[in-house]
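Undergrad: What follows is my_file_21.tsv; its format and atoms are TSV, C-alpha atoms.
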```tsv
chain	number	residue	atom	x	y	z
A	1	MET	CA	-4.38	30.43	-41.27
A	2	ALA	CA	-6.97	31.75	-38.86
A	3	SER	CA	-5.74	33.13	-35.55
A	4	VAL	CA	-6.99	31.87	-32.22
A	5	SER	CA	-9.07	35.01	-31.74
A	6	SER	CA	-10.98	34.36	-34.98
A	7	GLN	CA	-12.07	30.84	-34.00
A	8	PRO	CA	-15.78	30.39	-33.36
A	9	GLN	CA	-16.55	30.33	-29.67
A	10	PHE	CA	-18.85	27.31	-30.00
A	11	ARG	CA	-19.37	24.42	-32.42
A	12	TYR	CA	-22.38	22.32	-33.37
A	13	THR	CA	-20.30	19.56	-34.97
A	14	GLN	CA	-21.21	17.16	-32.13
A	15	PRO	CA	-24.73	16.16	-31.05
A	16	PRO	CA	-25.78	17.53	-27.64
A	17	SER	CA	-24.19	15.93	-24.61
A	18	LYS	CA	-24.11	16.54	-20.86
A	19	VAL	CA	-20.34	16.88	-21.26
A	20	LEU	CA	-18.85	20.03	-22.77
A	21	HIS	CA	-15.37	20.37	-24.22
A	22	LEU	CA	-13.60	23.66	-23.35
A	23	ARG	CA	-10.55	24.98	-25.19
A	24	ASN	CA	-8.13	27.89	-24.89
A	25	LEU	CA	-8.21	27.85	-21.10
A	26	PRO	CA	-5.53	29.62	-19.05
A	27	TRP	CA	-2.57	27.59	-17.82
A	28	GLU	CA	-3.34	25.26	-14.91
A	29	CYS	CA	-7.03	26.07	-14.86
A	30	THR	CA	-8.59	24.70	-11.66
A	31	GLU	CA	-11.68	22.61	-11.05
A	32	GLU	CA	-13.16	25.45	-9.01
A	33	GLU	CA	-12.86	27.83	-11.98
A	34	LEU	CA	-14.65	25.37	-14.26
A	35	ILE	CA	-17.47	24.85	-11.75
A	36	GLU	CA	-17.85	28.62	-11.38
A	37	LEU	CA	-18.10	28.99	-15.16
A	38	GLY	CA	-20.88	26.40	-15.43
A	39	LYS	CA	-22.75	27.27	-12.23
A	40	PRO	CA	-25.21	29.79	-13.83
A	41	PHE	CA	-26.57	27.03	-16.08
A	42	GLY	CA	-26.89	24.10	-13.70
A	43	LYS	CA	-25.08	21.67	-11.46
A	44	VAL	CA	-21.59	20.63	-12.58
A	45	VAL	CA	-21.16	17.05	-11.35
A	46	ASN	CA	-17.71	16.26	-12.75
A	47	THR	CA	-14.70	17.91	-14.36
A	48	LYS	CA	-11.47	16.95	-16.05
A	49	CYS	CA	-8.83	19.69	-16.05
A	50	ASN	CA	-5.54	20.38	-17.85
A	51	VAL	CA	-6.13	18.13	-20.84
A	52	GLY	CA	-4.05	18.19	-24.02
A	53	ALA	CA	-0.41	18.77	-24.81
A	54	ASN	CA	-0.63	22.41	-23.71
A	55	ARG	CA	-2.86	21.58	-20.72
A	56	ASN	CA	-5.29	24.27	-21.86
A	57	GLN	CA	-8.37	22.12	-22.45
A	58	ALA	CA	-10.95	20.66	-20.11
A	59	PHE	CA	-14.29	18.85	-19.84
A	60	ILE	CA	-17.22	19.68	-17.61
A	61	GLU	CA	-20.22	17.42	-17.04
A	62	PHE	CA	-23.65	18.72	-16.05
A	63	ALA	CA	-26.23	16.77	-14.09
A	64	ASP	CA	-28.77	17.21	-16.89
A	65	LEU	CA	-28.51	17.45	-20.70
A	66	ASN	CA	-30.70	20.58	-20.80
A	67	GLN	CA	-28.21	22.40	-18.57
A	68	ALA	CA	-25.39	21.75	-21.03
A	69	ILE	CA	-27.61	22.86	-23.94
A	70	ALA	CA	-28.48	26.05	-22.03
A	71	MET	CA	-24.79	26.95	-21.63
A	72	ILE	CA	-23.99	26.32	-25.30
A	73	SER	CA	-27.11	28.22	-26.45
A	74	TYR	CA	-26.40	31.19	-24.20
A	75	TYR	CA	-22.86	31.79	-25.43
A	76	ALA	CA	-23.92	31.10	-29.04
A	77	SER	CA	-26.21	34.12	-28.91
A	78	SER	CA	-24.35	36.32	-26.43
A	79	SER	CA	-22.06	39.17	-27.39
A	80	GLU	CA	-20.04	38.44	-24.26
A	81	PRO	CA	-17.83	35.34	-24.68
A	82	ALA	CA	-17.23	32.76	-21.95
A	83	GLN	CA	-14.09	33.78	-20.07
A	84	VAL	CA	-11.76	32.42	-17.42
A	85	ARG	CA	-9.25	34.91	-15.97
A	86	GLY	CA	-10.14	37.31	-18.78
A	87	LYS	CA	-9.28	34.76	-21.47
A	88	THR	CA	-11.90	33.73	-24.04
A	89	VAL	CA	-12.89	30.09	-23.75
A	90	TYR	CA	-14.22	28.10	-26.73
A	91	LEU	CA	-17.06	25.65	-26.11
A	92	GLN	CA	-18.48	22.62	-27.90
A	93	TYR	CA	-20.35	19.45	-27.09
A	94	SER	CA	-18.12	16.53	-26.27
A	95	ASN	CA	-18.40	13.20	-28.07
A	96	ARG	CA	-18.54	11.51	-24.65
A	97	GLN	CA	-21.68	11.22	-22.56
A	98	GLU	CA	-19.91	11.21	-19.21
A	99	ILE	CA	-16.48	11.91	-17.78
A	100	VAL	CA	-14.76	8.69	-16.80
A	101	ASN	CA	-11.53	8.14	-14.93
A	102	ASN	CA	-11.41	11.70	-13.71
A	103	LYS	CA	-9.70	10.21	-10.70
A	104	THR	CA	-6.83	7.85	-11.15
A	105	THR	CA	-6.95	4.44	-9.51
A	106	ALA	CA	-4.44	5.73	-6.96
A	107	ASP	CA	-6.99	8.34	-5.78
A	108	VAL	CA	-9.91	5.96	-5.27
A	109	ALA	CA	-9.89	4.46	-1.79
A	110	GLY	CA	-9.98	0.68	-1.56
A	111	ASN	CA	-9.06	-2.17	0.76
A	112	VAL	CA	-5.83	-3.04	-1.12
A	113	LEU	CA	-2.76	-0.80	-0.97
A	114	LEU	CA	0.02	-0.59	-3.55
A	115	VAL	CA	3.26	-0.06	-1.64
A	116	THR	CA	6.47	1.06	-3.35
A	117	ILE	CA	9.57	0.59	-1.21
A	118	GLU	CA	12.33	3.09	-1.93
A	119	GLY	CA	15.95	2.60	-0.96
A	120	THR	CA	19.11	0.91	-2.18
A	121	ASP	CA	18.22	-2.23	-0.19
A	122	ALA	CA	14.47	-2.10	-0.87
A	123	ARG	CA	14.34	-5.55	-2.47
A	124	LEU	CA	15.76	-7.07	0.70
A	125	VAL	CA	12.74	-6.05	2.78
A	126	SER	CA	11.05	-9.31	3.73
A	127	ILE	CA	7.37	-10.01	3.47
A	128	ASP	CA	7.36	-10.65	7.22
A	129	VAL	CA	8.62	-7.13	7.93
A	130	LEU	CA	5.86	-5.71	5.72
A	131	HIS	CA	3.31	-7.83	7.57
A	132	LEU	CA	4.56	-6.58	10.92
A	133	VAL	CA	4.42	-2.92	9.79
A	134	PHE	CA	0.93	-3.05	8.27
A	135	SER	CA	-0.71	-5.38	10.80
A	136	ALA	CA	-0.32	-2.60	13.38
A	137	PHE	CA	-3.44	-1.08	11.77
A	138	GLY	CA	-5.59	-4.19	11.47
A	139	PHE	CA	-5.73	-7.75	10.24
A	140	VAL	CA	-3.76	-8.16	7.00
A	141	HIS	CA	-5.42	-10.74	4.76
A	142	LYS	CA	-2.80	-11.12	2.01
A	143	ILE	CA	0.50	-9.69	0.78
A	144	THR	CA	2.22	-10.16	-2.57
A	145	THR	CA	5.57	-8.64	-3.57
A	146	PHE	CA	7.05	-8.09	-7.02
A	147	GLU	CA	9.49	-5.94	-8.97
A	148	LYS	CA	8.40	-3.43	-11.61
A	149	THR	CA	10.01	-0.47	-13.34
A	150	ALA	CA	8.88	1.63	-10.37
A	151	GLY	CA	11.01	-0.57	-8.11
A	152	PHE	CA	10.26	-3.17	-5.46
A	153	GLN	CA	6.53	-3.14	-4.72
A	154	ALA	CA	3.93	-4.94	-2.65
A	155	LEU	CA	0.15	-5.28	-2.58
A	156	VAL	CA	-1.29	-5.36	0.94
A	157	GLN	CA	-4.90	-6.44	1.40
A	158	PHE	CA	-6.99	-5.41	4.40
A	159	SER	CA	-10.54	-6.45	5.22
A	160	ASP	CA	-12.02	-3.02	4.49
A	161	THR	CA	-11.31	0.42	3.04
A	162	GLU	CA	-11.30	2.15	6.42
A	163	THR	CA	-8.45	0.03	7.75
A	164	ALA	CA	-6.47	0.43	4.53
A	165	SER	CA	-6.97	4.20	4.62
A	166	SER	CA	-5.73	4.38	8.21
A	167	ALA	CA	-2.58	2.49	7.27
A	168	LYS	CA	-2.01	4.63	4.17
A	169	ASN	CA	-2.46	7.90	6.02
A	170	ALA	CA	-0.09	6.83	8.80
A	171	LEU	CA	2.66	5.19	6.72
A	172	ASP	CA	2.82	6.99	3.36
A	173	GLY	CA	6.19	8.74	3.13
A	174	ARG	CA	7.48	7.14	6.34
A	175	SER	CA	10.50	4.87	6.66
A	176	ILE	CA	10.35	1.30	7.93
A	177	PRO	CA	11.57	1.41	11.57
A	178	ARG	CA	15.28	0.68	11.81
A	179	TYR	CA	14.80	-1.96	14.48
A	180	LEU	CA	12.86	-4.10	12.01
A	181	LEU	CA	15.70	-4.15	9.47
A	182	PRO	CA	19.11	-5.88	9.58
A	183	GLU	CA	21.90	-3.64	10.84
A	184	ASN	CA	23.63	-3.42	7.44
A	185	MET	CA	20.53	-2.29	5.54
A	186	GLY	CA	19.97	1.29	4.49
A	187	PRO	CA	16.74	3.24	5.09
A	188	CYS	CA	13.63	2.08	3.22
A	189	THR	CA	10.81	4.55	2.60
A	190	LEU	CA	7.19	3.58	1.89
A	191	ARG	CA	5.21	5.28	-0.89
A	192	ILE	CA	1.59	4.16	-0.75
A	193	THR	CA	-1.38	4.51	-3.10
A	194	TYR	CA	-4.62	2.62	-3.48
A	195	SER	CA	-4.81	-0.37	-5.81
A	196	ALA	CA	-7.71	-1.25	-8.10
A	197	HIS	CA	-7.58	-4.82	-6.73
A	198	THR	CA	-10.09	-5.89	-4.10
A	199	ASP	CA	-9.08	-9.52	-3.53
A	200	LEU	CA	-5.54	-10.75	-4.21
A	201	SER	CA	-5.00	-14.21	-5.66
A	202	VAL	CA	-2.37	-16.14	-3.66
A	203	LYS	CA	-1.91	-19.77	-4.75
A	204	PHE	CA	1.14	-20.61	-2.62
A	205	GLN	CA	2.77	-19.43	0.59
A	206	SER	CA	6.26	-18.22	-0.24
A	207	HIS	CA	8.79	-15.49	0.47
A	208	ARG	CA	7.02	-13.41	-2.22
A	209	SER	CA	3.35	-13.98	-1.30
A	210	ARG	CA	1.30	-14.84	1.78
A	211	ASP	CA	-2.34	-15.55	2.49
A	212	TYR	CA	-2.87	-15.07	6.23
A	213	THR	CA	-6.48	-16.24	5.99
A	214	ASN	CA	-5.50	-19.74	4.81
A	215	PRO	CA	-2.75	-21.40	6.88
A	216	TYR	CA	-3.25	-24.66	4.97
A	217	LEU	CA	-2.19	-23.18	1.62
A	218	PRO	CA	0.73	-25.20	0.18
A	219	VAL	CA	4.28	-23.85	0.13
A	220	ALA	CA	5.43	-22.82	-3.35
A	221	PRO	CA	7.57	-25.50	-5.06
A	222	SER	CA	9.91	-22.73	-6.25
A	223	ALA	CA	10.74	-22.00	-2.59
A	224	ILE	CA	12.03	-25.55	-2.04
A	225	ASP	CA	15.21	-26.99	-3.53
A	226	ALA	CA	15.95	-30.59	-4.58
A	227	SER	CA	16.96	-31.59	-1.06
A	228	GLY	CA	13.60	-30.55	0.31
A	229	GLN	CA	15.02	-27.47	2.03
A	230	LEU	CA	13.82	-23.94	1.40
A	231	SER	CA	15.93	-22.21	-1.21
A	232	VAL	CA	18.05	-19.07	-0.93
A	233	GLY	CA	16.16	-15.89	-0.17
A	234	LEU	CA	16.51	-12.42	-1.64
A	235	ASP	CA	19.28	-11.55	0.79
A	236	GLY	CA	21.35	-14.56	-0.26
A	237	LYS	CA	20.82	-16.38	3.02
A	238	LYS	CA	19.28	-19.80	3.44
A	239	LEU	CA	15.58	-19.48	4.12
A	240	GLU	CA	14.61	-21.20	7.35
A	241	PRO	CA	11.52	-23.42	7.43
A	242	GLU	CA	9.09	-21.40	9.51
A	243	SER	CA	7.68	-22.90	12.69
A	244	ASN	CA	5.35	-22.01	15.52
A	245	VAL	CA	8.22	-22.72	17.95
A	246	LEU	CA	11.15	-20.31	18.28
A	247	LEU	CA	14.64	-21.07	19.56
A	248	ALA	CA	16.04	-18.08	21.44
A	249	SER	CA	19.70	-17.77	22.42
A	250	ILE	CA	20.63	-15.07	24.92
A	251	GLU	CA	24.06	-13.46	25.01
A	252	ASN	CA	25.72	-10.86	27.26
A	253	MET	CA	23.66	-11.89	30.27
A	254	GLN	CA	24.37	-9.21	32.83
A	255	TYR	CA	20.93	-9.65	34.38
A	256	ALA	CA	18.91	-12.74	35.21
A	257	VAL	CA	16.49	-13.93	32.58
A	258	THR	CA	13.63	-15.96	34.01
A	259	LEU	CA	10.64	-17.73	32.53
A	260	ASP	CA	8.48	-14.81	33.58
A	261	VAL	CA	10.77	-12.34	31.80
A	262	LEU	CA	10.68	-14.38	28.58
A	263	HIS	CA	6.93	-14.76	28.83
A	264	MET	CA	6.49	-11.01	29.20
A	265	VAL	CA	8.74	-10.29	26.19
A	266	PHE	CA	7.29	-12.87	23.80
A	267	SER	CA	3.63	-12.59	24.81
A	268	ALA	CA	3.65	-9.03	23.45
A	269	PHE	CA	3.10	-10.63	20.02
A	270	GLY	CA	0.49	-13.22	20.89
A	271	PRO	CA	-0.42	-15.95	23.38
A	272	VAL	CA	2.59	-18.02	24.44
A	273	GLN	CA	1.58	-21.63	25.00
A	274	LYS	CA	4.80	-23.14	26.39
A	275	ILE	CA	8.36	-22.12	27.29
A	276	ALA	CA	11.30	-24.41	27.99
A	277	MET	CA	14.66	-23.01	29.20
A	278	PHE	CA	18.00	-24.86	29.21
A	279	ASP	CA	21.76	-24.33	29.18
A	280	LYS	CA	23.68	-25.26	26.04
A	281	ASN	CA	27.33	-24.63	25.13
A	282	GLY	CA	27.73	-22.42	28.17
A	283	GLY	CA	24.82	-20.15	27.26
A	284	LEU	CA	21.14	-19.85	28.05
A	285	GLN	CA	18.61	-20.90	25.43
A	286	ALA	CA	14.84	-21.18	25.37
A	287	LEU	CA	12.11	-22.69	23.23
A	288	ILE	CA	8.96	-20.58	22.94
A	289	GLN	CA	5.82	-22.11	21.49
A	290	TYR	CA	3.04	-20.07	19.85
A	291	PRO	CA	-0.32	-21.45	18.64
A	292	ASP	CA	0.49	-20.68	14.99
A	293	VAL	CA	3.36	-19.95	12.62
A	294	GLN	CA	2.23	-16.42	11.77
A	295	THR	CA	2.54	-15.22	15.37
A	296	ALA	CA	6.00	-16.78	15.67
A	297	VAL	CA	7.11	-15.10	12.43
A	298	VAL	CA	6.03	-11.69	13.71
A	299	ALA	CA	7.79	-12.21	17.06
A	300	LYS	CA	11.00	-13.40	15.40
A	301	GLU	CA	11.16	-10.46	12.99
A	302	ALA	CA	10.51	-7.96	15.78
A	303	LEU	CA	12.88	-9.36	18.42
A	304	GLU	CA	15.85	-10.75	16.49
A	305	GLY	CA	19.03	-8.91	17.51
A	306	HIS	CA	17.34	-6.82	20.18
A	307	CYS	CA	18.13	-6.67	23.87
A	308	ILE	CA	15.80	-7.44	26.73
A	309	TYR	CA	17.43	-4.74	28.88
A	310	ASP	CA	18.76	-1.31	27.94
A	311	GLY	CA	22.49	-0.95	27.49
A	312	GLY	CA	22.92	-3.94	25.19
A	313	PHE	CA	22.30	-6.53	27.90
A	314	CYS	CA	20.68	-9.93	27.28
A	315	LYS	CA	20.67	-9.78	23.49
A	316	LEU	CA	18.29	-12.14	21.69
A	317	HIS	CA	19.21	-14.28	18.68
A	318	ILE	CA	16.19	-16.12	17.36
A	319	SER	CA	15.71	-18.93	14.86
A	320	TYR	CA	12.93	-21.36	14.06
A	321	SER	CA	12.89	-24.67	15.87
A	322	ARG	CA	12.14	-28.03	14.30
A	323	HIS	CA	9.73	-28.65	17.16
A	324	THR	CA	6.03	-27.97	16.74
A	325	ASP	CA	4.72	-29.05	20.14
A	326	LEU	CA	6.94	-28.92	23.23
A	327	SER	CA	6.73	-31.69	25.79
A	328	ILE	CA	6.70	-30.11	29.25
A	329	LYS	CA	6.77	-32.85	31.90
A	330	VAL	CA	7.50	-30.63	34.90
A	331	ASP	CA	6.16	-27.10	35.38
```
Translate the structure of the given file into structure tokens.

TA:
Amino acid sequence: MASVSSQPQFRYTQPPSKVLHLRNLPWECTEEELIELGKPFGKVVNTKCNVGANRNQAFIEFADLNQAIAMISYYASSSEPAQVRGKTVYLQYSNRQEIVNNKTTADVAGNVLLVTIEGTDARLVSIDVLHLVFSAFGFVHKITTFEKTAGFQALVQFSDTETASSAKNALDGRSIPRYLLPENMGPCTLRITYSAHTDLSVKFQSHRSRDYTNPYLPVAPSAIDASGQLSVGLDGKKLEPESNVLLASIENMQYAVTLDVLHMVFSAFGPVQKIAMFDKNGGLQALIQYPDVQTAVVAKEALEGHCIYDGGFCKLHISYSRHTDLSIKVD
């Protein structure tokens, strides 16, 4: 059997191509080394490194066919073999005319992000929490969540690549803020890559998918049980019908809570249309009306269980109200 050193340095078994196949490269050969090798013969426009079981093969693509022919012809007649790090490299034409998929989908920037949520309680992260986290970087068009072998994942669609890139760069490897998660949940880390999708298909609004561009999309039948109520969510709790009106109960009131205070707290998430305060069962409650359900959802997820004042004073407990338009007779 012929040794590696006795192999011909080049082959003519393939017709000429802009793409050359290189063998017997040193371990972990870099793109820069391949470009340097081809530079004397023309412009290298693409490379594919560390191919094969031993990761010692590669492809280089020239801008022009004649440049690839020049490289093959030169080393076919030269007494000096092509070398990388002092190791002889064997050349031949590739059977491909261009290098495709040199970059994985995850490396190609797009407007849709693939988010993997890591943590023992990852599957309990609600779609509303994800919306709150990612909408800090721009308008989120759609979100879908699902479970794969990689774990609990989500696709998050922005309007453009720039916004998606900003979110990816800021959030990749970071944990979801603790104040957005229930107290008994462990840390949840975000691993983010780009998705090949450009426009997600969302047919129903549900606890697994949302289209924030179409508020009139029907609620998924699977999210409603036989009694007409929303079914049990991922955390085992009854899913509340979402509403644009929130019911806030305030406990541990060591300081006064006025309409102006509530307006300041809740308007941080969007325009508050109406507020009604009243006493019930010895405690203070309030109804807060937003113009749409999405704004109310964001406010509820952000404020539930949190205190208006430092030190644990005036703690908020928030649920959705059955009201949709408050009747305020006296201002």

Undergrad: So how many Å separate CA of Glu31 in chain A and CA of Ala82 in chain A, to one decimal?

TA: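 Value for the CA of Glu31 in chain A-CA of Ala82 in chain A distance: 15.9 Å.
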
Undergrad: Which residues come within 12 Å of Ala154 in chain A, counting all atoms listed in the file, excluding same-chain residues fewer than 2 positions away, as a PyMOL selection string?

TA: chain A and resi 112-118+122-123+125-131+134+142-148+150-152+156-157+190-195+200+208-210

Undergrad: Tell me, as a PyMOL selection string, which residues lie within 10 Å of Lys274 in chain A, counting only C-alpha atoms; anything in the same chain fewer than 2 positions away does not count.

TA: chain A and resi 245+263+271-272+276+287-291+325-328+331

Undergrad: Determine the nearest neighbour of His207 in chain A from the options A:Val219, A:Phe266, A:Phe313, A:Asn66, counting all atoms listed in the file.

TA: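 Looking only at the distances to His207 in chain A, the closest residue turns out to be A:Val219.
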
Undergrad: When distances are computed from all atoms listed in the file, which of A:Leu91, A:Ser79, A:Ala70, A:Ile35 shows the smallest separation from Arg23 in chain A?

TA: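 That would be A:Leu91, the residue with the smallest distance to Arg23 in chain A.
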
Undergrad: With distances taken over only C-alpha atoms, which residue among A:Ala299, A:Thr189, A:Gly305, A:Ser249 lies nearest Phe278 in chain A?

TA: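 Among the listed residues, the smallest separation from Phe278 in chain A belongs to A:Ser249.
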
Undergrad: Find the residues around Ala167 in chain A up to 9 Å (only C-alpha atoms counted), leave out those fewer than 2 positions away in its own chain, and share them as a tab-separated table (two decimals) with C-alpha atoms, in the coordinates of the input.

TA:
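Dumped to around_25.tsv:
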```tsv
chain	number	residue	atom	x	y	z
A	113	LEU	CA	-2.76	-0.80	-0.97
A	134	PHE	CA	0.93	-3.05	8.27
A	135	SER	CA	-0.71	-5.38	10.80
A	136	ALA	CA	-0.32	-2.60	13.38
A	137	PHE	CA	-3.44	-1.08	11.77
A	138	GLY	CA	-5.59	-4.19	11.47
A	162	GLU	CA	-11.30	2.15	6.42
A	163	THR	CA	-8.45	0.03	7.75
A	164	ALA	CA	-6.47	0.43	4.53
A	165	SER	CA	-6.97	4.20	4.62
A	169	ASN	CA	-2.46	7.90	6.02
A	170	ALA	CA	-0.09	6.83	8.80
A	171	LEU	CA	2.66	5.19	6.72
A	172	ASP	CA	2.82	6.99	3.36
```

Undergrad: Closest to Leu247 in chain A among A:Asn281, A:Ser321, A:Asn50, A:Ser78, using only C-alpha atoms?

TA: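 Of A:Asn281, A:Ser321, A:Asn50, A:Ser78, the one nearest Leu247 in chain A, counting only C-alpha atoms, is A:Ser321.
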
Undergrad: Can you measure CA of Lys39 in chain A to CA of Ser77 in chain A for me? One decimal in Å is fine.

TA: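 One can read the CA of Lys39 in chain A to CA of Ser77 in chain A distance as 18.4 Å.
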
Undergrad: Just the number, please: distance in Å from CA of Ala268 in chain A to CA of Asn252 in chain A, one decimal.

TA: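 Separating CA of Ala268 in chain A from CA of Asn252 in chain A is a distance of 22.5 Å.
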
Undergrad: Taking all atoms listed in the file into account, which of A:Asn24, A:Asn244, A:Ser206, A:Thr258 comes nearest Gln83 in chain A?

TA: A:Asn24

Undergrad: Taking all atoms of range 259-269 of chain A that the file lists, what box with edges along x, y and z, padded by 8 Å per side, do you get, with centre and edge lengths in Å to one decimal, as AutoDock Vina command-line options?

TA:
```
--center_x 6.9 --center_y -13.4 --center_z 26.8 --size_x 23.7 --size_y 24.7 --size_z 29.6
```

Undergrad: Pick out the closest residue to Val44 in chain A from this set: A:Ala68, A:Ala196, A:Leu262, A:Ala256. Count all atoms listed in the file.

TA: A:Ala68

Undergrad: Could you list, as a list in words, every residue within 7 Å of Thr161 in chain A, counting all atoms listed in the file and ignoring same-chain residues fewer than 4 positions away?

TA: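 Within the cut-off, the hits are Ala109, Gly110, Asn111 and Ser165 of chain A.
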